Structures are given as structure tokens and as C-alpha cells.
$ cat run21.csv   # CSV, C-alpha atoms and all ligand atoms
chain,number,residue,atom,x,y,z
A,239,MET,CA,1.8,37.3,-22.7
A,240,MET,CA,5.0,36.0,-21.1
A,241,LYS,CA,3.9,37.1,-17.7
A,242,GLY,CA,0.7,35.1,-18.2
A,243,ILE,CA,2.6,32.0,-19.0
A,244,ILE,CA,4.8,32.3,-16.0
A,245,ARG,CA,1.9,32.8,-13.7
A,246,HIS,CA,0.1,29.8,-15.2
A,247,SER,CA,3.2,27.7,-14.6
A,248,ALA,CA,3.5,28.8,-11.1
A,249,LEU,CA,-0.1,27.9,-10.4
A,250,PHE,CA,0.5,24.5,-12.0
A,251,LEU,CA,3.5,23.9,-9.9
A,252,ALA,CA,1.7,25.0,-6.8
A,253,GLY,CA,-1.0,22.5,-7.7
A,254,LEU,CA,1.5,19.7,-8.0
A,255,LEU,CA,3.0,20.5,-4.7
A,256,ALA,CA,-0.4,20.5,-3.1
A,257,LEU,CA,-1.1,17.1,-4.6
A,258,ALA,CA,2.2,15.8,-3.3
A,259,ALA,CA,1.6,17.1,0.2
A,260,ALA,CA,-2.0,15.9,0.5
A,261,PRO,CA,-2.7,12.7,2.3
A,262,ALA,CA,-3.1,9.6,0.1
A,263,MET,CA,-6.7,9.9,-1.2
A,264,ALA,CA,-8.5,8.7,-4.2
A,265,ALA,CA,-11.7,6.8,-4.9
A,266,GLU,CA,-13.2,9.7,-3.0
A,267,GLY,CA,-13.8,9.0,0.7
A,268,LEU,CA,-11.0,6.4,1.0
A,269,SER,CA,-7.6,7.2,2.6
A,270,ALA,CA,-4.4,5.2,3.2
A,271,HIS,CA,-2.6,5.3,6.5
A,272,GLN,CA,0.6,3.7,7.9
A,273,ALA,CA,1.7,2.2,4.6
A,274,TRP,CA,5.0,0.3,4.7
A,275,VAL,CA,6.9,-2.5,3.1
A,276,ARG,CA,8.9,-4.9,5.2
A,277,GLU,CA,12.5,-4.9,4.3
A,278,ALA,CA,13.8,-8.3,3.2
A,279,PRO,CA,17.2,-9.7,2.3
A,280,PRO,CA,18.5,-8.4,-1.1
A,281,MET,CA,17.8,-11.7,-2.9
A,282,ALA,CA,14.2,-12.0,-1.6
A,283,ARG,CA,11.8,-12.9,-4.4
A,284,MET,CA,8.8,-11.7,-2.4
A,285,LEU,CA,8.2,-8.9,0.0
A,286,ALA,CA,5.1,-8.0,2.1
A,287,GLY,CA,3.4,-4.6,2.2
A,288,TYR,CA,1.0,-3.2,4.8
A,289,VAL,CA,-1.5,-0.4,4.9
A,290,THR,CA,-4.7,0.6,6.7
A,291,LEU,CA,-7.5,1.9,4.5
A,292,LYS,CA,-10.3,4.1,5.9
A,293,ASN,CA,-13.6,4.4,4.2
A,294,SER,CA,-15.6,7.5,5.1
A,295,THR,CA,-18.4,6.8,2.7
A,296,GLY,CA,-21.7,5.0,3.3
A,297,HIS,CA,-20.9,2.2,0.8
A,298,PRO,CA,-18.3,-0.6,1.0
A,299,MET,CA,-15.3,-0.5,-1.4
A,300,LYS,CA,-14.1,-3.7,-2.9
A,301,ILE,CA,-10.4,-4.0,-3.8
A,302,THR,CA,-9.8,-6.5,-6.7
A,303,GLY,CA,-6.1,-6.1,-7.3
A,304,ALA,CA,-3.0,-4.0,-7.0
A,305,GLU,CA,0.1,-3.1,-8.9
A,306,SER,CA,3.4,-1.3,-8.4
A,307,PRO,CA,6.1,-0.2,-10.8
A,308,ALA,CA,8.7,-1.7,-8.4
A,309,PHE,CA,7.3,-5.3,-8.7
A,310,GLY,CA,6.5,-7.8,-11.5
A,311,SER,CA,3.1,-8.4,-9.8
A,312,VAL,CA,1.2,-7.8,-6.6
A,313,GLU,CA,-1.4,-10.1,-5.0
A,314,LEU,CA,-3.8,-9.8,-2.2
A,315,HIS,CA,-2.9,-12.5,0.4
A,316,ARG,CA,-4.1,-13.6,3.8
A,317,SER,CA,-1.9,-15.4,6.3
A,318,ILE,CA,-3.5,-18.1,8.4
A,319,ILE,CA,-2.3,-20.7,10.8
A,320,LYS,CA,-3.7,-24.2,10.1
A,321,ASN,CA,-2.7,-27.2,12.2
A,322,GLY,CA,0.2,-25.1,13.5
A,323,VAL,CA,1.6,-24.3,10.1
A,324,ALA,CA,1.5,-20.9,8.5
A,325,HIS,CA,-0.1,-20.6,5.1
A,326,MET,CA,-0.7,-17.7,2.7
A,327,ILE,CA,-3.9,-17.8,0.7
A,328,LYS,CA,-4.5,-15.6,-2.3
A,329,GLN,CA,-7.6,-13.5,-2.1
A,330,ASP,CA,-9.6,-12.5,-5.2
A,331,HIS,CA,-10.8,-9.4,-3.4
A,332,VAL,CA,-11.0,-7.7,0.0
A,333,THR,CA,-13.6,-5.1,1.1
A,334,VAL,CA,-13.2,-1.9,3.1
A,335,PRO,CA,-16.5,-1.7,4.9
A,336,ALA,CA,-18.7,1.5,4.8
A,337,HIS,CA,-17.7,3.9,7.5
A,338,GLY,CA,-15.0,1.4,8.5
A,339,LYS,CA,-11.4,0.4,7.9
A,340,PHE,CA,-9.5,-2.5,6.5
A,341,SER,CA,-5.9,-3.3,7.5
A,342,PHE,CA,-3.2,-5.2,5.7
A,343,GLU,CA,-1.0,-6.0,8.7
A,344,PRO,CA,1.6,-8.5,9.8
A,345,GLY,CA,0.1,-11.9,10.6
A,346,GLY,CA,-3.1,-11.2,8.6
A,347,TYR,CA,-3.9,-9.7,5.2
A,348,HIS,CA,-0.9,-8.3,3.2
A,349,LEU,CA,0.0,-7.1,-0.2
A,350,MET,CA,2.3,-9.8,-1.6
A,351,LEU,CA,4.9,-8.0,-3.6
A,352,MET,CA,6.5,-10.4,-6.1
A,353,GLN,CA,9.4,-10.2,-8.5
A,354,PRO,CA,11.0,-7.0,-7.2
A,355,LYS,CA,12.7,-5.1,-10.1
A,356,GLN,CA,15.6,-4.2,-7.8
A,357,ALA,CA,16.7,-4.8,-4.3
A,358,LEU,CA,14.9,-2.6,-1.8
A,359,LYS,CA,16.2,-1.5,1.5
A,360,ALA,CA,14.9,0.6,4.5
A,361,GLY,CA,14.4,4.1,3.4
A,362,ASP,CA,13.4,3.3,-0.2
A,363,ARG,CA,9.9,4.2,-1.3
A,364,VAL,CA,7.7,2.4,-3.7
A,365,LYS,CA,4.5,3.4,-5.4
A,366,MET,CA,1.4,1.3,-5.0
A,367,THR,CA,-1.9,1.4,-6.9
A,368,LEU,CA,-5.0,-0.4,-5.7
A,369,ARG,CA,-7.8,-1.3,-8.2
A,370,PHE,CA,-11.4,-1.4,-7.2
A,371,ASP,CA,-14.3,-3.4,-8.7
A,372,ASP,CA,-15.9,-0.2,-10.1
A,373,GLY,CA,-12.8,0.5,-12.1
A,374,ARG,CA,-11.4,3.3,-9.9
A,375,THR,CA,-7.9,3.2,-8.6
A,376,MET,CA,-6.0,4.6,-5.6
A,377,SER,CA,-2.3,5.3,-5.4
A,378,PHE,CA,0.0,6.0,-2.5
A,379,THR,CA,3.6,5.6,-1.5
A,380,MET,CA,4.9,2.9,0.8
A,381,PRO,CA,8.2,3.5,2.6
A,382,VAL,CA,10.4,0.4,3.1
A,383,ARG,CA,11.2,-0.3,6.8
A,384,LYS,CA,12.8,-2.9,8.9
A,385,ALA,CA,10.2,-5.1,10.8
A,386,GLY,CA,9.8,-3.9,14.3
A,387,ALA,CA,11.1,-0.4,13.5
A,388,GLY,CA,7.8,1.2,14.0
A,389,LYS,CA,5.5,1.5,17.0
A,390,GLY,CA,3.9,-1.7,18.2
A,391,GLY,CA,5.8,-4.9,18.8
A,392,MET,CA,6.5,-7.2,15.9
A,393,HIS,CA,7.9,-9.8,18.2
A,394,MET,CA,5.7,-12.5,17.0
A,395,GLN,CA,7.1,-12.1,13.5
A,396,MET,CA,10.7,-12.8,14.8
A,397,LYS,CA,12.3,-16.2,14.4
A,398,HIS,CA,14.5,-17.3,17.4
B,401,CU,CU,1.7,-13.6,0.9
$ encode --input "run21.csv" --output "C-alpha cells" --more "lines below"
Ligand SMILES: [Cu+2]
Amino acid sequence: MMKGIIRHSALFLAGLLALAAAPAMAAEGLSAHQAWVREAPPMARMLAGYVTLKNSTGHPMKITGAESPAFGSVELHRSIIKNGVAHMIKQDHVTVPAHGKFSFEPGGYHLMLMQPKQALKAGDRVKMTLRFDDGRTMSFTMPVRKAGAGKGGMHMQMKH
């Protein structure tokens, strides 16, 4: 009896470890890549998060919202330049095309992370959950990084 319980626990633990090690996947056929949150000054009321979503299915997937335990609220935003001025426009939804990808990336779409519950610095990790129009969700972890710390220039984001 005891032996059986121990074996069961070990299997359960192995399952948890496998889950933790697996690439972020949910709403089957969708995967999250290169997720990160841009580090901001400690008093910042808003941060931006980025991630590329790949859809390996034959149908589009519509994201209608997002939430994170690290923030009071999360919105889908798009940055545009209009008459030489940068604006951010809230999006009701964004769509990951069938057999395609959608990127939240600097200068374009981003996850607007509002009312941080505590100051975040490079090296911290936050959990993000995306909601889809069919009621499914997808969760993944976003590490906090300094802008420009990764590959690819972020020079256009810098202020001189
Ligand atoms: Cu924004």
C-alpha cells in the first residue's frame, strides 16, 4: 500500500516536472516564443510585455484579453506614429493567423502591463495568461529584461 502511494507521488512529480520543462503551449497548436517584459524604473505605473505566438493549426486564434497575477490589469495595445507623435491604441482583440504567427514587439503591438503589484527588475519572472474568444486560455512565463539586452537592436527605442 505504502509503496503504491510513493510510486504514485513520484509519477505525479515527474508529470509536474515535465509540464514545467515543456515549451509554453496551450490552446493546442499555439506556442509562445521569446517572451519578455521590458524593465522599467521602480516607480513605473506601466510596463510593456512582448511575445511571439505561433499557430500551427488551420484556423485563426483570436486573443481577446490577458491577465497576470503581477499586475492589476493587462491590455492589448498597439503603438503607432501619427503626425510624428507616438500613440498607443487599445485593441479589443488581436488574431494569430492560421499556420502563421503574431508578434507583440517593441514599436508595434504590446501587452500593456498596468498597476504592477511590486517593482520588477531584470531577472524577475512574471506569469501571463492570454484569453481567447472561444474561452480557452494560454499561460507562459515572461522574464524581465533590460531593453536592448537581447539579440537585435533596440536602438530606435532609446532616447538621446
Ligand atoms: Cu501601451
$ residues_near_ligand --input "run21.csv" --ligand "ligand CU 401 (chain B)" --cutoff "12 Å" --atoms "all atoms listed in the file" --output "mmCIF file with C-alpha atoms, keeping the file's coordinate frame"
data_model
loop_
_atom_site.group_PDB
_atom_site.id
_atom_site.type_symbol
_atom_site.label_atom_id
_atom_site.label_comp_id
_atom_site.auth_asym_id
_atom_site.auth_seq_id
_atom_site.Cartn_x
_atom_site.Cartn_y
_atom_site.Cartn_z
ATOM 1 C CA ARG A 283 11.800 -12.900 -4.400
ATOM 2 C CA MET A 284 8.800 -11.700 -2.400
ATOM 3 C CA LEU A 285 8.200 -8.900 0.000
ATOM 4 C CA ALA A 286 5.100 -8.000 2.100
ATOM 5 C CA GLY A 287 3.400 -4.600 2.200
ATOM 6 C CA TYR A 288 1.000 -3.200 4.800
ATOM 7 C CA SER A 311 3.100 -8.400 -9.800
ATOM 8 C CA VAL A 312 1.200 -7.800 -6.600
ATOM 9 C CA GLU A 313 -1.400 -10.100 -5.000
ATOM 10 C CA LEU A 314 -3.800 -9.800 -2.200
ATOM 11 C CA HIS A 315 -2.900 -12.500 0.400
ATOM 12 C CA ARG A 316 -4.100 -13.600 3.800
ATOM 13 C CA SER A 317 -1.900 -15.400 6.300
ATOM 14 C CA ILE A 318 -3.500 -18.100 8.400
ATOM 15 C CA ALA A 324 1.500 -20.900 8.500
ATOM 16 C CA HIS A 325 -0.100 -20.600 5.100
ATOM 17 C CA MET A 326 -0.700 -17.700 2.700
ATOM 18 C CA ILE A 327 -3.900 -17.800 0.700
ATOM 19 C CA LYS A 328 -4.500 -15.600 -2.300
ATOM 20 C CA GLN A 329 -7.600 -13.500 -2.100
ATOM 21 C CA PHE A 342 -3.200 -5.200 5.700
ATOM 22 C CA GLU A 343 -1.000 -6.000 8.700
ATOM 23 C CA PRO A 344 1.600 -8.500 9.800
ATOM 24 C CA GLY A 345 0.100 -11.900 10.600
ATOM 25 C CA GLY A 346 -3.100 -11.200 8.600
ATOM 26 C CA TYR A 347 -3.900 -9.700 5.200
ATOM 27 C CA HIS A 348 -0.900 -8.300 3.200
ATOM 28 C CA LEU A 349 0.000 -7.100 -0.200
ATOM 29 C CA MET A 350 2.300 -9.800 -1.600
ATOM 30 C CA LEU A 351 4.900 -8.000 -3.600
ATOM 31 C CA MET A 352 6.500 -10.400 -6.100
#
$ residues_near_point --input "run21.csv" --point "(-10.6, 1.7, 5.8)" --cutoff "6 Å" --atoms "all atoms listed in the file" --output "list in words"
Leu291, Lys292, Asn293, Val334, Gly338, Lys339 and Phe340 of chain A
$ closest_residue --input "run21.csv" --among "A:Val289, A:Val323, A:Ala304, A:Met376" --to "Val275 of chain A" --atoms "only C-alpha atoms"
A:Val289
$ residues_around --input "run21.csv" --residues "Val364 of chain A" --least-positions-apart "5" --cutoff "9 Å" --atoms "only C-alpha atoms" --output "VMD selection string"
chain A and resid 275 306 to 308 358 378 to 382
$ closest_residue --input "run21.csv" --among "A:Ala278, A:Ala357, A:Val332, A:Ala385" --to "Arg369 of chain A" --atoms "all atoms listed in the file"
A:Val332
$ closest_residue --input "run21.csv" --among "A:His271, A:Phe309, A:Phe370, A:Pro298" --to "Lys355 of chain A" --atoms "all atoms listed in the file"
A:Phe309
$ atom_distance --input "run21.csv" --atom1 "atom CA of Ser377 of chain A" --atom2 "atom CA of Trp274 of chain A"
13.4 Å
$ axis_aligned_box --input "run21.csv" --around "segment 364-371 of chain A" --padding-each-side "4 Å" --output "lines of an AutoDock Vina configuration file"
center_x = -3.3
center_y = 0.0
center_z = -6.2
size_x = 30.0
size_y = 14.8
size_z = 13.0
$ atom_distance --input "run21.csv" --atom1 "atom CA of Ala270 of chain A" --atom2 "atom CA of Pro354 of chain A"
22.2 Å
$ atom_distance --input "run21.csv" --atom1 "atom CA of Thr302 of chain A" --atom2 "atom CA of Asp372 of chain A"
9.4 Å
$ closest_residue --input "run21.csv" --among "A:His297, A:Lys320, A:His331, A:Lys359" --to "Arg383 of chain A" --atoms "all atoms listed in the file"
A:Lys359
$ closest_residue --input "run21.csv" --among "A:Pro279, A:Lys384, A:Gln356, A:Thr295" --to "Ala265 of chain A" --atoms "all atoms listed in the file"
A:Thr295
